[in-house]
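Colleague: Encoded as structure tokens, here's the structure I'll be asking about.
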Amino acid sequence: MTCTRPNFEGIPDPNMSYESWLPDAAIVAAPPDPEVLARRAIARMMLRAIDMGTFPKSVADDPDGLGYVGWNVWLWVSEPQPSTWGPVSMSVSEGGFSVTATARVSHVVWEMGNGDSLTCDAGTAWDPRLVRNEPSPTCGYQYQSQGEYRVTATSHWAVEWAGIGETGTITLELSDTADFRIAEVQVVNVAGSNG
């Protein structure tokens, strides 16, 4: 921009012109990627796999414990917490922008160590008062062969996020394992004496 100063008579004098620069309009920083902020929020949630509830107990919980071929195995989420089951929410901000993420487990896949798997919700905890080999009403299994099996429980998390005019869902899987011994019950018939 060219400016001209007036002379002593108040008339603009072209010999007294100079250049002046005006500042540009404030440059607004581009907003951050909202999914990047959502993933930061997830990292701060400290999510982890479920605590596995099982009957019979795993080898780690009862080294002498056994399950039996054809008997009912119960599987459930033991003492669910926000970090193991949800929901848990977290917000992350950067440069004046904010994203909020909420995580919860949608389902758990139990891989039984023999190629079989089943999909469950939180399941139902076994009750010690059940003494008739009752099946779980929500998440149960029966082994058909004796052996040692490594069971893997995989929590499938769905994290919904919103912010900076966008929404989305991020999924992740967290797993834990436990070992089980399954024995076969041998029935022996003993002939009575006719003494």
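A note on labels: chains of the structure tokens are A, B, ... as shown, every chain counts residues from 1, and ligands are counted from 1 in their shown order.
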Enumerate, as a PyMOL selection string, the complete set of residues in stretch 15-116 of chain A that a backbone-based DSSP assignment places in strand (DSSP E).
Modeller: chain A and resi 15-19+52-55+67-68+72-77+88-94+97-111
Colleague: If you keep C-alpha atoms, can you produce a file of those selected residues as a PDB file, in the first residue's frame?
Modeller:
ATOM      1  CA  ASN A  15       7.528  13.338  -3.472  1.00  0.00           C
ATOM      2  CA  MET A  16       6.667  12.369   0.093  1.00  0.00           C
ATOM      3  CA  SER A  17       5.139   8.952  -0.590  1.00  0.00           C
ATOM      4  CA  TYR A  18       6.180   5.760   1.166  1.00  0.00           C
ATOM      5  CA  GLU A  19       5.206   2.116   1.213  1.00  0.00           C
ATOM      6  CA  MET A  52     -11.558 -64.526  33.026  1.00  0.00           C
ATOM      7  CA  GLY A  53     -14.141 -66.172  35.212  1.00  0.00           C
ATOM      8  CA  THR A  54     -14.332 -69.943  34.717  1.00  0.00           C
ATOM      9  CA  PHE A  55     -15.699 -73.097  36.246  1.00  0.00           C
ATOM     10  CA  GLY A  67     -12.754 -80.458  34.447  1.00  0.00           C
ATOM     11  CA  TYR A  68     -14.385 -83.536  32.988  1.00  0.00           C
ATOM     12  CA  ASN A  72     -20.445 -78.132  31.697  1.00  0.00           C
ATOM     13  CA  VAL A  73     -17.810 -75.409  31.629  1.00  0.00           C
ATOM     14  CA  TRP A  74     -18.964 -71.920  32.664  1.00  0.00           C
ATOM     15  CA  LEU A  75     -17.311 -68.804  31.217  1.00  0.00           C
ATOM     16  CA  TRP A  76     -17.885 -65.209  32.291  1.00  0.00           C
ATOM     17  CA  VAL A  77     -16.345 -61.764  32.828  1.00  0.00           C
ATOM     18  CA  VAL A  88     -15.145 -45.473  29.968  1.00  0.00           C
ATOM     19  CA  SER A  89     -14.838 -42.003  28.440  1.00  0.00           C
ATOM     20  CA  MET A  90     -11.882 -39.715  27.881  1.00  0.00           C
ATOM     21  CA  SER A  91     -11.417 -36.319  26.208  1.00  0.00           C
ATOM     22  CA  VAL A  92      -8.248 -34.995  24.584  1.00  0.00           C
ATOM     23  CA  SER A  93      -7.660 -31.401  23.483  1.00  0.00           C
ATOM     24  CA  GLU A  94      -5.125 -29.766  21.218  1.00  0.00           C
ATOM     25  CA  PHE A  97      -9.979 -28.428  19.646  1.00  0.00           C
ATOM     26  CA  SER A  98     -11.349 -31.384  21.605  1.00  0.00           C
ATOM     27  CA  VAL A  99     -12.382 -34.978  20.906  1.00  0.00           C
ATOM     28  CA  THR A 100     -14.245 -37.279  23.313  1.00  0.00           C
ATOM     29  CA  ALA A 101     -14.053 -41.071  23.026  1.00  0.00           C
ATOM     30  CA  THR A 102     -16.192 -43.673  24.817  1.00  0.00           C
ATOM     31  CA  ALA A 103     -15.124 -47.339  24.901  1.00  0.00           C
ATOM     32  CA  ARG A 104     -17.105 -50.455  25.754  1.00  0.00           C
ATOM     33  CA  VAL A 105     -16.784 -54.184  25.053  1.00  0.00           C
ATOM     34  CA  SER A 106     -19.235 -55.377  22.409  1.00  0.00           C
ATOM     35  CA  HIS A 107     -18.587 -59.109  22.917  1.00  0.00           C
ATOM     36  CA  VAL A 108     -16.028 -61.685  24.027  1.00  0.00           C
ATOM     37  CA  VAL A 109     -14.815 -64.546  21.852  1.00  0.00           C
ATOM     38  CA  TRP A 110     -13.676 -67.615  23.810  1.00  0.00           C
ATOM     39  CA  GLU A 111     -11.327 -69.905  21.887  1.00  0.00           C
TER      40      GLU A 111
END
Colleague: Using only C-alpha atoms, pick whichever of A:Ser78, A:Ser175, A:Ser117, A:Thr124 has the shortest atom-to-atom distance to A:Ala153.
Modeller: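 Ranking A:Ser78, A:Ser175, A:Ser117, A:Thr124 by distance to A:Ala153, first place goes to A:Ser175.
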Colleague: What lies within 7 Å of A:Gln144 using only C-alpha atoms, ignoring chain neighbours under 2 positions off, as a list in words?
Modeller: Val69, Gly70, Gln142 and Gln146 of chain A
Colleague: Take the residues that were just selected and, keeping C-alpha atoms, output them as a PDB file, in the first residue's frame.
Modeller:
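Result saved to result_29.pdb:
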ATOM      1  CA  VAL A  69     -15.317 -84.706  29.537  1.00  0.00           C
ATOM      2  CA  GLY A  70     -18.988 -83.970  28.893  1.00  0.00           C
ATOM      3  CA  GLN A 142     -18.491 -79.055  27.002  1.00  0.00           C
ATOM      4  CA  GLN A 146      -9.563 -85.275  27.732  1.00  0.00           C
TER       5      GLN A 146
END
Colleague: Just list as a PyMOL selection string whatever in stretch 33-169 of chain A DSSP marks as alpha helix (DSSP H).
Modeller: chain A and resi 34-45
Colleague: Looking at only C-alpha atoms, which of A:Ala122, A:Val185, A:Cys139, A:Leu47 is the one that sits closest to A:Trp157?
Modeller: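 Residue with the minimum atom-to-atom distance to A:Trp157: A:Leu47.
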Colleague: Quick one: everything within 6 Å of A:Ser155, counting only C-alpha atoms, minus sequence neighbours fewer than 2 positions away in the same chain. Send it as number ranges by chain.
Modeller: A: 49, 108, 173-174
Colleague: Using only C-alpha atoms, find the one residue out of A:Ala183, A:Ala38, A:Met45, A:Ala162 that sits nearest to A:Gly147.
Modeller: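 With only C-alpha atoms as the atom set, the closest residue is A:Ala183.
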Colleague: May I ask which of the residues A:Pro56, A:Gln81, A:Gly86, A:Val159 is the closest one to A:Gly140, counting only C-alpha atoms?
Modeller: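 Counting only C-alpha atoms, the residue closest to A:Gly140 is A:Pro56.
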Colleague: I'd like the neighbourhood of A:Arg150 as a PyMOL selection string, where a residue qualifies if any of its atoms comes within 9 Å (using only C-alpha atoms), though same-chain residues fewer than 6 positions away should be ignored.
Modeller: chain A and resi 111-114+177-180
Colleague: Which residue is closest to A:Trp161? Choose from A:Glu134, A:Glu35, A:Glu184, A:Asp61 and count only C-alpha atoms.
Modeller: A:Glu35
